[in-house]
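Shown below: structure.cif, with mmCIF, N, CA and C atoms.
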```cif
data_data
loop_
_atom_site.label_atom_id
_atom_site.label_comp_id
_atom_site.auth_asym_id
_atom_site.auth_seq_id
_atom_site.Cartn_x
_atom_site.Cartn_y
_atom_site.Cartn_z
N MET P 1 49.91 40.99 11.81
CA MET P 1 50.27 39.71 11.31
C MET P 1 49.24 38.64 11.62
N LYS P 2 48.61 38.76 12.70
CA LYS P 2 47.66 37.74 13.08
C LYS P 2 46.35 37.85 12.30
N ARG P 3 46.02 38.99 11.78
CA ARG P 3 44.76 39.16 11.06
C ARG P 3 44.70 38.31 9.79
N PRO P 4 45.76 38.27 8.97
CA PRO P 4 45.68 37.40 7.79
C PRO P 4 45.47 35.94 8.18
N ARG P 5 46.06 35.53 9.29
CA ARG P 5 45.91 34.14 9.74
C ARG P 5 44.46 33.89 10.15
N ILE P 6 43.83 34.81 10.85
CA ILE P 6 42.43 34.67 11.27
C ILE P 6 41.53 34.63 10.04
N ARG P 7 41.79 35.51 9.07
CA ARG P 7 40.99 35.50 7.84
C ARG P 7 41.14 34.17 7.11
N SER P 8 42.32 33.63 7.11
CA SER P 8 42.57 32.36 6.44
C SER P 8 41.80 31.23 7.15
N VAL P 9 41.83 31.24 8.47
CA VAL P 9 41.11 30.22 9.24
C VAL P 9 39.61 30.36 9.01
N LEU P 10 39.09 31.59 9.06
CA LEU P 10 37.65 31.81 8.83
C LEU P 10 37.24 31.40 7.42
N ALA P 11 38.06 31.68 6.44
CA ALA P 11 37.77 31.28 5.07
C ALA P 11 37.75 29.76 4.96
N SER P 12 38.66 29.08 5.63
CA SER P 12 38.69 27.61 5.61
C SER P 12 37.45 27.03 6.29
N VAL P 13 37.05 27.61 7.41
CA VAL P 13 35.86 27.14 8.13
C VAL P 13 34.62 27.35 7.25
N ALA P 14 34.51 28.50 6.62
CA ALA P 14 33.38 28.78 5.75
C ALA P 14 33.34 27.79 4.58
N ALA P 15 34.48 27.49 4.01
CA ALA P 15 34.54 26.54 2.90
C ALA P 15 34.10 25.14 3.36
N CYS P 16 34.49 24.74 4.55
CA CYS P 16 34.09 23.43 5.09
C CYS P 16 32.58 23.37 5.33
N VAL P 17 32.02 24.46 5.86
CA VAL P 17 30.57 24.50 6.10
C VAL P 17 29.83 24.39 4.78
N VAL P 18 30.25 25.13 3.77
CA VAL P 18 29.61 25.07 2.45
C VAL P 18 29.72 23.67 1.87
N ALA P 19 30.90 23.08 1.96
CA ALA P 19 31.11 21.73 1.42
C ALA P 19 30.25 20.71 2.15
N ALA P 20 30.20 20.80 3.47
CA ALA P 20 29.40 19.85 4.24
C ALA P 20 27.92 19.98 3.92
N THR P 21 27.45 21.20 3.80
CA THR P 21 26.05 21.44 3.45
C THR P 21 25.75 20.90 2.07
N THR P 22 26.62 21.13 1.13
CA THR P 22 26.41 20.66 -0.24
C THR P 22 26.32 19.15 -0.28
N PHE P 23 27.24 18.46 0.40
CA PHE P 23 27.23 17.00 0.40
C PHE P 23 26.00 16.46 1.11
N THR P 24 25.60 17.11 2.18
CA THR P 24 24.43 16.66 2.92
C THR P 24 23.19 16.80 2.06
N LEU P 25 23.02 17.93 1.40
CA LEU P 25 21.84 18.14 0.57
C LEU P 25 21.87 17.26 -0.66
N ALA P 26 23.02 17.06 -1.24
CA ALA P 26 23.12 16.22 -2.44
C ALA P 26 22.81 14.77 -2.12
N GLY P 27 23.14 14.33 -0.91
CA GLY P 27 22.91 12.94 -0.54
C GLY P 27 21.57 12.70 0.13
N ALA P 28 20.80 13.73 0.36
CA ALA P 28 19.53 13.57 1.05
C ALA P 28 18.54 12.83 0.17
N THR P 29 17.76 11.96 0.80
CA THR P 29 16.72 11.23 0.09
C THR P 29 15.55 12.17 -0.12
N PRO P 30 14.99 12.19 -1.33
CA PRO P 30 13.85 13.07 -1.57
C PRO P 30 12.64 12.63 -0.73
N ALA P 31 11.81 13.56 -0.38
CA ALA P 31 10.62 13.25 0.39
C ALA P 31 9.70 12.36 -0.43
N ALA P 32 9.07 11.40 0.25
CA ALA P 32 8.14 10.51 -0.43
C ALA P 32 6.94 11.32 -0.91
N ALA P 33 6.48 10.99 -2.09
CA ALA P 33 5.34 11.70 -2.65
C ALA P 33 4.22 10.70 -2.92
N ILE P 34 3.03 11.06 -2.49
CA ILE P 34 1.88 10.19 -2.71
C ILE P 34 1.53 10.21 -4.20
N GLY P 35 1.05 9.11 -4.70
CA GLY P 35 0.60 9.06 -6.09
C GLY P 35 1.14 7.89 -6.89
N GLN P 36 2.19 7.24 -6.43
CA GLN P 36 2.76 6.10 -7.16
C GLN P 36 2.18 4.77 -6.67
N GLU P 37 1.33 4.81 -5.67
CA GLU P 37 0.79 3.59 -5.09
C GLU P 37 -0.24 2.95 -6.03
N THR P 38 -0.39 1.64 -5.88
CA THR P 38 -1.44 0.91 -6.58
C THR P 38 -2.27 0.17 -5.55
N PHE P 39 -3.50 -0.16 -5.91
CA PHE P 39 -4.39 -0.86 -4.98
C PHE P 39 -5.12 -1.94 -5.74
N GLY P 40 -5.19 -3.11 -5.15
CA GLY P 40 -5.89 -4.20 -5.82
C GLY P 40 -6.25 -5.31 -4.87
N CYS P 41 -6.86 -6.35 -5.46
CA CYS P 41 -7.28 -7.51 -4.68
C CYS P 41 -6.83 -8.79 -5.37
N ARG P 42 -6.84 -9.86 -4.60
CA ARG P 42 -6.65 -11.21 -5.13
C ARG P 42 -7.30 -12.17 -4.16
N ILE P 43 -7.60 -13.37 -4.67
CA ILE P 43 -8.40 -14.32 -3.91
C ILE P 43 -7.66 -15.65 -3.82
N ALA P 44 -7.62 -16.21 -2.59
CA ALA P 44 -7.01 -17.52 -2.38
C ALA P 44 -8.06 -18.45 -1.78
N PRO P 45 -8.08 -19.73 -2.13
CA PRO P 45 -7.16 -20.32 -3.08
C PRO P 45 -7.49 -19.87 -4.50
N GLY P 46 -6.50 -19.98 -5.35
CA GLY P 46 -6.69 -19.61 -6.74
C GLY P 46 -5.39 -19.65 -7.50
N VAL P 47 -5.48 -19.34 -8.77
CA VAL P 47 -4.30 -19.40 -9.64
C VAL P 47 -3.89 -18.02 -10.15
N VAL P 48 -4.59 -16.98 -9.72
CA VAL P 48 -4.25 -15.62 -10.14
C VAL P 48 -3.51 -14.97 -8.96
N PHE P 49 -2.24 -14.64 -9.19
CA PHE P 49 -1.40 -14.14 -8.10
C PHE P 49 -1.09 -12.65 -8.22
N THR P 50 -1.69 -11.97 -9.19
CA THR P 50 -1.47 -10.54 -9.35
C THR P 50 -2.56 -9.78 -8.59
N TRP P 51 -2.25 -8.55 -8.25
CA TRP P 51 -3.21 -7.68 -7.56
C TRP P 51 -3.90 -6.82 -8.62
N ASN P 52 -5.23 -6.86 -8.66
CA ASN P 52 -6.00 -6.15 -9.68
C ASN P 52 -7.16 -5.39 -9.04
N THR P 53 -7.63 -4.37 -9.73
CA THR P 53 -8.78 -3.61 -9.24
C THR P 53 -10.01 -4.49 -9.16
N TYR P 54 -10.18 -5.41 -10.12
CA TYR P 54 -11.28 -6.37 -10.12
C TYR P 54 -10.68 -7.77 -10.05
N CYS P 55 -11.15 -8.58 -9.11
CA CYS P 55 -10.63 -9.95 -9.02
C CYS P 55 -11.79 -10.92 -8.82
N ASN P 56 -11.57 -12.14 -9.31
CA ASN P 56 -12.56 -13.22 -9.21
C ASN P 56 -11.88 -14.46 -8.64
N ASN P 57 -12.67 -15.32 -8.00
CA ASN P 57 -12.13 -16.60 -7.56
C ASN P 57 -11.89 -17.47 -8.79
N SER P 58 -10.84 -18.28 -8.71
CA SER P 58 -10.46 -19.09 -9.87
C SER P 58 -10.31 -20.57 -9.53
N ALA P 59 -10.78 -20.97 -8.36
CA ALA P 59 -10.73 -22.36 -7.94
C ALA P 59 -11.86 -22.60 -6.94
N PRO P 60 -12.37 -23.82 -6.89
CA PRO P 60 -13.45 -24.10 -5.92
C PRO P 60 -12.93 -24.15 -4.49
N ALA P 61 -13.74 -23.66 -3.56
CA ALA P 61 -13.40 -23.70 -2.14
C ALA P 61 -14.66 -23.42 -1.33
N SER P 62 -14.69 -23.89 -0.10
CA SER P 62 -15.83 -23.59 0.76
C SER P 62 -15.68 -22.22 1.41
N THR P 63 -14.43 -21.78 1.58
CA THR P 63 -14.14 -20.45 2.14
C THR P 63 -12.98 -19.85 1.38
N TYR P 64 -13.07 -18.55 1.12
CA TYR P 64 -12.01 -17.84 0.39
C TYR P 64 -11.40 -16.78 1.28
N ASN P 65 -10.12 -16.54 1.06
CA ASN P 65 -9.41 -15.43 1.69
C ASN P 65 -9.30 -14.34 0.62
N VAL P 66 -10.05 -13.27 0.79
CA VAL P 66 -10.01 -12.16 -0.15
C VAL P 66 -9.08 -11.10 0.42
N GLY P 67 -7.99 -10.86 -0.29
CA GLY P 67 -7.00 -9.91 0.18
C GLY P 67 -6.99 -8.63 -0.64
N PHE P 68 -6.81 -7.52 0.03
CA PHE P 68 -6.69 -6.21 -0.60
C PHE P 68 -5.37 -5.61 -0.14
N ALA P 69 -4.66 -4.93 -1.05
CA ALA P 69 -3.35 -4.39 -0.67
C ALA P 69 -3.03 -3.10 -1.40
N VAL P 70 -2.47 -2.15 -0.65
CA VAL P 70 -1.87 -0.95 -1.23
C VAL P 70 -0.40 -1.30 -1.47
N GLN P 71 0.06 -1.15 -2.69
CA GLN P 71 1.44 -1.50 -3.02
C GLN P 71 2.18 -0.28 -3.56
N ASN P 72 3.48 -0.44 -3.72
CA ASN P 72 4.37 0.62 -4.20
C ASN P 72 4.40 1.82 -3.25
N THR P 73 4.39 1.52 -1.97
CA THR P 73 4.44 2.58 -0.97
C THR P 73 5.90 2.95 -0.68
N SER P 74 6.08 4.16 -0.24
CA SER P 74 7.41 4.64 0.14
C SER P 74 7.25 5.63 1.29
N GLY P 75 7.80 5.31 2.42
CA GLY P 75 7.66 6.19 3.58
C GLY P 75 6.55 5.72 4.50
N SER P 76 6.09 6.63 5.36
CA SER P 76 5.07 6.31 6.36
C SER P 76 3.69 6.74 5.90
N TYR P 77 2.71 5.91 6.16
CA TYR P 77 1.32 6.17 5.79
C TYR P 77 0.40 5.85 6.96
N THR P 78 -0.80 6.39 6.89
CA THR P 78 -1.90 5.88 7.70
C THR P 78 -2.98 5.43 6.73
N PHE P 79 -3.81 4.46 7.17
CA PHE P 79 -4.81 3.85 6.31
C PHE P 79 -6.16 3.87 6.99
N ALA P 80 -7.21 4.10 6.22
CA ALA P 80 -8.58 4.00 6.71
C ALA P 80 -9.31 3.04 5.77
N TRP P 81 -9.74 1.90 6.32
CA TRP P 81 -10.34 0.83 5.53
C TRP P 81 -11.85 0.79 5.70
N SER P 82 -12.55 0.50 4.59
CA SER P 82 -13.99 0.23 4.63
C SER P 82 -14.23 -0.98 3.73
N VAL P 83 -14.76 -2.05 4.31
CA VAL P 83 -15.04 -3.27 3.55
C VAL P 83 -16.53 -3.54 3.65
N SER P 84 -17.17 -3.74 2.49
CA SER P 84 -18.60 -4.02 2.49
C SER P 84 -18.87 -5.28 1.68
N GLY P 85 -19.97 -5.92 2.02
CA GLY P 85 -20.36 -7.17 1.36
C GLY P 85 -20.45 -8.27 2.40
N PRO P 86 -20.88 -9.45 1.99
CA PRO P 86 -21.12 -10.54 2.95
C PRO P 86 -19.87 -11.32 3.34
N TYR P 87 -18.92 -10.66 3.96
CA TYR P 87 -17.75 -11.39 4.44
C TYR P 87 -18.02 -11.91 5.84
N GLN P 88 -17.33 -13.02 6.18
CA GLN P 88 -17.56 -13.67 7.47
C GLN P 88 -16.81 -12.97 8.59
N SER P 89 -15.52 -12.67 8.37
CA SER P 89 -14.73 -12.01 9.39
C SER P 89 -13.44 -11.46 8.77
N ILE P 90 -12.78 -10.61 9.52
CA ILE P 90 -11.48 -10.09 9.08
C ILE P 90 -10.44 -11.15 9.39
N ASN P 91 -9.60 -11.43 8.41
CA ASN P 91 -8.51 -12.38 8.61
C ASN P 91 -7.29 -11.67 9.20
N THR P 92 -6.85 -10.62 8.55
CA THR P 92 -5.68 -9.88 9.04
C THR P 92 -5.69 -8.46 8.46
N GLY P 93 -4.96 -7.57 9.11
CA GLY P 93 -4.84 -6.19 8.63
C GLY P 93 -6.09 -5.38 8.87
N CYS P 94 -6.39 -4.52 7.91
CA CYS P 94 -7.57 -3.64 7.96
C CYS P 94 -7.45 -2.61 9.08
N THR P 95 -6.23 -2.25 9.45
CA THR P 95 -6.00 -1.30 10.53
C THR P 95 -5.38 -0.01 9.98
N ALA P 96 -5.27 0.97 10.83
CA ALA P 96 -4.72 2.27 10.44
C ALA P 96 -3.25 2.19 10.07
N THR P 97 -2.56 1.13 10.50
CA THR P 97 -1.13 1.01 10.21
C THR P 97 -0.82 -0.06 9.17
N SER P 98 -1.86 -0.71 8.64
CA SER P 98 -1.64 -1.83 7.72
C SER P 98 -1.98 -1.47 6.28
N PRO P 99 -1.05 -1.73 5.34
CA PRO P 99 -1.36 -1.51 3.92
C PRO P 99 -2.16 -2.66 3.31
N THR P 100 -2.51 -3.67 4.12
CA THR P 100 -3.29 -4.79 3.62
C THR P 100 -4.52 -5.02 4.49
N CYS P 101 -5.49 -5.68 3.86
CA CYS P 101 -6.73 -6.04 4.55
C CYS P 101 -7.20 -7.34 3.93
N SER P 102 -7.45 -8.34 4.77
CA SER P 102 -7.86 -9.66 4.29
C SER P 102 -9.09 -10.11 5.04
N VAL P 103 -10.10 -10.61 4.30
CA VAL P 103 -11.34 -11.07 4.91
C VAL P 103 -11.67 -12.48 4.44
N TRP P 104 -12.40 -13.22 5.27
CA TRP P 104 -12.88 -14.55 4.92
C TRP P 104 -14.26 -14.42 4.30
N VAL P 105 -14.48 -15.14 3.19
CA VAL P 105 -15.75 -15.08 2.47
C VAL P 105 -16.21 -16.50 2.16
N SER P 106 -17.48 -16.78 2.38
CA SER P 106 -18.03 -18.10 2.07
C SER P 106 -18.04 -18.35 0.56
N GLY P 107 -17.78 -19.59 0.18
CA GLY P 107 -17.84 -19.97 -1.22
C GLY P 107 -19.14 -20.65 -1.59
N HIS P 108 -20.12 -20.67 -0.66
CA HIS P 108 -21.37 -21.38 -0.89
C HIS P 108 -22.41 -20.57 -1.66
N SER P 109 -22.10 -19.32 -1.97
CA SER P 109 -23.02 -18.50 -2.76
C SER P 109 -22.23 -17.42 -3.49
N ASP P 110 -22.84 -16.89 -4.53
CA ASP P 110 -22.21 -15.77 -5.25
C ASP P 110 -22.21 -14.55 -4.34
N SER P 111 -21.12 -13.80 -4.36
CA SER P 111 -21.06 -12.59 -3.53
C SER P 111 -20.05 -11.60 -4.09
N SER P 112 -20.21 -10.38 -3.68
CA SER P 112 -19.30 -9.30 -4.07
C SER P 112 -18.81 -8.59 -2.82
N ILE P 113 -17.51 -8.39 -2.76
CA ILE P 113 -16.90 -7.68 -1.64
C ILE P 113 -16.20 -6.46 -2.21
N GLU P 114 -16.45 -5.33 -1.62
CA GLU P 114 -15.84 -4.07 -2.06
C GLU P 114 -15.01 -3.50 -0.91
N ALA P 115 -13.78 -3.15 -1.22
CA ALA P 115 -12.92 -2.53 -0.21
C ALA P 115 -12.48 -1.16 -0.70
N THR P 116 -12.62 -0.19 0.16
CA THR P 116 -12.15 1.16 -0.12
C THR P 116 -11.12 1.52 0.95
N VAL P 117 -10.01 2.05 0.50
CA VAL P 117 -8.97 2.47 1.43
C VAL P 117 -8.61 3.93 1.14
N THR P 118 -8.48 4.69 2.19
CA THR P 118 -7.94 6.04 2.08
C THR P 118 -6.60 6.02 2.79
N TYR P 119 -5.54 6.33 2.06
CA TYR P 119 -4.22 6.36 2.68
C TYR P 119 -3.70 7.78 2.66
N THR P 120 -3.00 8.12 3.73
CA THR P 120 -2.54 9.49 3.94
C THR P 120 -1.05 9.48 4.24
N GLN P 121 -0.37 10.43 3.62
CA GLN P 121 1.06 10.61 3.83
C GLN P 121 1.38 12.09 3.79
N ASN P 122 2.02 12.59 4.83
CA ASN P 122 2.43 14.00 4.89
C ASN P 122 1.28 14.95 4.58
N GLY P 123 0.08 14.63 5.07
CA GLY P 123 -1.08 15.50 4.89
C GLY P 123 -1.79 15.34 3.56
N GLN P 124 -1.28 14.54 2.65
CA GLN P 124 -1.94 14.28 1.37
C GLN P 124 -2.65 12.94 1.45
N SER P 125 -3.87 12.86 0.89
CA SER P 125 -4.65 11.63 0.93
C SER P 125 -5.08 11.21 -0.47
N ARG P 126 -5.30 9.92 -0.59
CA ARG P 126 -5.82 9.35 -1.84
C ARG P 126 -6.75 8.21 -1.45
N THR P 127 -7.87 8.07 -2.17
CA THR P 127 -8.83 7.01 -1.92
C THR P 127 -8.95 6.13 -3.15
N GLN P 128 -8.90 4.81 -2.94
CA GLN P 128 -9.05 3.86 -4.03
C GLN P 128 -9.97 2.73 -3.60
N THR P 129 -10.59 2.08 -4.60
CA THR P 129 -11.52 0.99 -4.34
C THR P 129 -11.17 -0.21 -5.22
N ALA P 130 -11.33 -1.40 -4.66
CA ALA P 130 -11.14 -2.64 -5.42
C ALA P 130 -12.36 -3.52 -5.18
N TYR P 131 -12.64 -4.39 -6.15
CA TYR P 131 -13.86 -5.19 -6.15
C TYR P 131 -13.53 -6.67 -6.33
N ALA P 132 -13.99 -7.49 -5.39
CA ALA P 132 -13.78 -8.93 -5.46
C ALA P 132 -15.13 -9.62 -5.69
N THR P 133 -15.15 -10.56 -6.63
CA THR P 133 -16.36 -11.32 -6.92
C THR P 133 -16.11 -12.79 -6.65
N ILE P 134 -16.96 -13.37 -5.83
CA ILE P 134 -16.92 -14.81 -5.54
C ILE P 134 -18.07 -15.44 -6.31
N ASN P 135 -17.73 -16.36 -7.22
CA ASN P 135 -18.73 -17.12 -7.96
C ASN P 135 -18.78 -18.53 -7.38
N ARG P 136 -19.99 -19.03 -7.16
CA ARG P 136 -20.16 -20.35 -6.56
C ARG P 136 -19.75 -21.44 -7.54
N TYR P 137 -19.09 -22.44 -7.02
CA TYR P 137 -18.70 -23.60 -7.82
C TYR P 137 -19.63 -24.76 -7.52
N CYS P 138 -19.96 -25.53 -8.55
CA CYS P 138 -20.68 -26.79 -8.42
C CYS P 138 -19.69 -27.88 -8.81
N GLY P 139 -19.09 -28.51 -7.80
CA GLY P 139 -17.98 -29.42 -8.08
C GLY P 139 -16.77 -28.63 -8.49
N SER P 140 -16.22 -28.96 -9.64
CA SER P 140 -15.03 -28.25 -10.13
C SER P 140 -15.36 -27.20 -11.19
N GLN P 141 -16.66 -26.99 -11.46
CA GLN P 141 -17.11 -26.04 -12.46
C GLN P 141 -17.92 -24.92 -11.82
N LEU P 142 -17.89 -23.75 -12.44
CA LEU P 142 -18.76 -22.67 -11.97
C LEU P 142 -20.21 -23.08 -12.19
N CYS P 143 -21.07 -22.75 -11.22
CA CYS P 143 -22.50 -23.10 -11.34
C CYS P 143 -23.20 -22.26 -12.41
#
```

Write-out of the structure in structure tokens:
Amino acid sequence: MKRPRIRSVLASVAACVVAATTFTLAGATPAAAIGQETFGCRIAPGVVFTWNTYCNNSAPASTYNVGFAVQNTSGSYTFAWSVSGPYQSINTGCTATSPTCSVWVSGHSDSSIEATVTYTQNGQSRTQTAYATINRYCGSQLC
């Protein structure tokens, strides 16, 4: 008599385990996949607020803040930054844990700043480059 009861209990336990596993797997967030990210730059002060692969200054200034950013990230990443060109100093970011990098650039001469970032997630890496151009202003007009 006790055997049918044990089989019934075991069947119920097995059904609960299957149900719990199904709900857990169905509700699990998919792993983040590299490839949906975008990379661009923008320059402040200015009137262009979008992040683009190529950016130019759009207002006169003696010093510009040239920002670079990896966007549309999901999950954890590491970053490796390389910035070249005549920038004065790093403003913020540009570290292994930062999706952004900002540098100060003089507005007293024409210059080009190039930033390359390699970002890595779950062993997959991608490298992208953005280009910022500073054009000198003479008063309120480009020289």

Long-range neighbours of Gly107 (chain P) as a short mmCIF file (atom, residue, chain, number, x, y, z; two decimals) with N, CA and C atoms, keeping the file's coordinate frame, 8 Å cut-off, only N, CA and C atoms, 5 positions minimum in chain:
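result-v5.cif, written as the output of this step:
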```cif
data_model
loop_
_atom_site.label_atom_id
_atom_site.label_comp_id
_atom_site.auth_asym_id
_atom_site.auth_seq_id
_atom_site.Cartn_x
_atom_site.Cartn_y
_atom_site.Cartn_z
N PRO P 60 -12.37 -23.82 -6.89
CA PRO P 60 -13.45 -24.10 -5.92
C PRO P 60 -12.93 -24.15 -4.49
N ALA P 61 -13.74 -23.66 -3.56
CA ALA P 61 -13.40 -23.70 -2.14
C ALA P 61 -14.66 -23.42 -1.33
N SER P 62 -14.69 -23.89 -0.10
CA SER P 62 -15.83 -23.59 0.76
C SER P 62 -15.68 -22.22 1.41
N THR P 63 -14.43 -21.78 1.58
CA THR P 63 -14.14 -20.45 2.14
C THR P 63 -12.98 -19.85 1.38
N TYR P 64 -13.07 -18.55 1.12
CA TYR P 64 -12.01 -17.84 0.39
C TYR P 64 -11.40 -16.78 1.28
N ILE P 134 -16.96 -13.37 -5.83
CA ILE P 134 -16.92 -14.81 -5.54
C ILE P 134 -18.07 -15.44 -6.31
N ASN P 135 -17.73 -16.36 -7.22
CA ASN P 135 -18.73 -17.12 -7.96
C ASN P 135 -18.78 -18.53 -7.38
N ARG P 136 -19.99 -19.03 -7.16
CA ARG P 136 -20.16 -20.35 -6.56
C ARG P 136 -19.75 -21.44 -7.54
N TYR P 137 -19.09 -22.44 -7.02
CA TYR P 137 -18.70 -23.60 -7.82
C TYR P 137 -19.63 -24.76 -7.52
#
```

Q | Selected residue, from P:Ser102, P:Glu114, P:Arg42, P:Gly67, that lies nearest to Val83 (chain P) when counting only C-alpha atoms | A |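 Looking at the shortest contact to Val83 (chain P), the residue is P:Glu114.
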
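Of note, CA of Thr100 (chain P) and CA of Tyr87 (chain P) are spaced 15.9 Å apart.
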
Report as a compact mmCIF listing (two decimals) with N, CA and C atoms, in the frame of the given file the residues that result from applying the PyMOL selection byres ((chain P and resi 89) around 6.5) to the structure here.
```txt
# COMPACT_ATOMS: atom_id res chain seq x y z
N TYR P 87 -18.92 -10.66 3.96
CA TYR P 87 -17.75 -11.39 4.44
C TYR P 87 -18.02 -11.91 5.84
N GLN P 88 -17.33 -13.02 6.18
CA GLN P 88 -17.56 -13.67 7.47
C GLN P 88 -16.81 -12.97 8.59
N ILE P 90 -12.78 -10.61 9.52
CA ILE P 90 -11.48 -10.09 9.08
C ILE P 90 -10.44 -11.15 9.39
N ASN P 91 -9.60 -11.43 8.41
CA ASN P 91 -8.51 -12.38 8.61
C ASN P 91 -7.29 -11.67 9.20
N SER P 102 -7.45 -8.34 4.77
CA SER P 102 -7.86 -9.66 4.29
C SER P 102 -9.09 -10.11 5.04
N VAL P 103 -10.10 -10.61 4.30
CA VAL P 103 -11.34 -11.07 4.91
C VAL P 103 -11.67 -12.48 4.44
N TRP P 104 -12.40 -13.22 5.27
CA TRP P 104 -12.88 -14.55 4.92
C TRP P 104 -14.26 -14.42 4.30
N VAL P 105 -14.48 -15.14 3.19
CA VAL P 105 -15.75 -15.08 2.47
C VAL P 105 -16.21 -16.50 2.16
```

Q: May I ask for the distance between atom N of Thr129 (chain P) and atom C of Cys55 (chain P), given in Å to one decimal place?
A: 13.7 Å

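Closest approach to Cys41 (chain P) among P:Ser111, P:Gln121, P:Ser140, P:Gln128 is made by P:Gln128 (distances from only C-alpha atoms).
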
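Omitting Glu37 (chain P) and its sequence neighbours fewer than 2 positions away, and counting all atoms listed in the file, the residues within 8 Å are Ala33, Ile34, Gly35, Phe39, Gly40, Val70, Gln71, Asn72, Thr73 and Ser74 of chain P.
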
For Asn57 (chain P), please output as a PDB file with N, CA and C atoms, keeping the file's coordinate frame all residues within 7 Å (counting all atoms listed in the file; exclusion window: fewer than 3 positions along the same chain).
```pdb
ATOM      1  N   ILE P  43      -7.600 -13.370  -4.670  1.00  0.00           N
ATOM      2  CA  ILE P  43      -8.400 -14.320  -3.910  1.00  0.00           C
ATOM      3  C   ILE P  43      -7.660 -15.650  -3.820  1.00  0.00           C
ATOM      4  N   ALA P  44      -7.620 -16.210  -2.590  1.00  0.00           N
ATOM      5  CA  ALA P  44      -7.010 -17.520  -2.380  1.00  0.00           C
ATOM      6  C   ALA P  44      -8.060 -18.450  -1.780  1.00  0.00           C
ATOM      7  N   PRO P  45      -8.080 -19.730  -2.130  1.00  0.00           N
ATOM      8  CA  PRO P  45      -7.160 -20.320  -3.080  1.00  0.00           C
ATOM      9  C   PRO P  45      -7.490 -19.870  -4.500  1.00  0.00           C
ATOM     10  N   GLY P  46      -6.500 -19.980  -5.350  1.00  0.00           N
ATOM     11  CA  GLY P  46      -6.690 -19.610  -6.740  1.00  0.00           C
ATOM     12  C   GLY P  46      -5.390 -19.650  -7.500  1.00  0.00           C
ATOM     13  N   VAL P  47      -5.480 -19.340  -8.770  1.00  0.00           N
ATOM     14  CA  VAL P  47      -4.300 -19.400  -9.640  1.00  0.00           C
ATOM     15  C   VAL P  47      -3.890 -18.020 -10.150  1.00  0.00           C
ATOM     16  N   PRO P  60     -12.370 -23.820  -6.890  1.00  0.00           N
ATOM     17  CA  PRO P  60     -13.450 -24.100  -5.920  1.00  0.00           C
ATOM     18  C   PRO P  60     -12.930 -24.150  -4.490  1.00  0.00           C
ATOM     19  N   ALA P 132     -13.990  -7.490  -5.390  1.00  0.00           N
ATOM     20  CA  ALA P 132     -13.780  -8.930  -5.460  1.00  0.00           C
ATOM     21  C   ALA P 132     -15.130  -9.620  -5.690  1.00  0.00           C
ATOM     22  N   THR P 133     -15.150 -10.560  -6.630  1.00  0.00           N
ATOM     23  CA  THR P 133     -16.360 -11.320  -6.920  1.00  0.00           C
ATOM     24  C   THR P 133     -16.110 -12.790  -6.650  1.00  0.00           C
ATOM     25  N   ILE P 134     -16.960 -13.370  -5.830  1.00  0.00           N
ATOM     26  CA  ILE P 134     -16.920 -14.810  -5.540  1.00  0.00           C
ATOM     27  C   ILE P 134     -18.070 -15.440  -6.310  1.00  0.00           C
ATOM     28  N   ASN P 135     -17.730 -16.360  -7.220  1.00  0.00           N
ATOM     29  CA  ASN P 135     -18.730 -17.120  -7.960  1.00  0.00           C
ATOM     30  C   ASN P 135     -18.780 -18.530  -7.380  1.00  0.00           C
TER      31      ASN P 135
END
```

Q) What is the distance between CA of Asn56 (chain P) and atom N of Ser98 (chain P), in Å to one decimal? A)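 So the answer is 24.3 Å.
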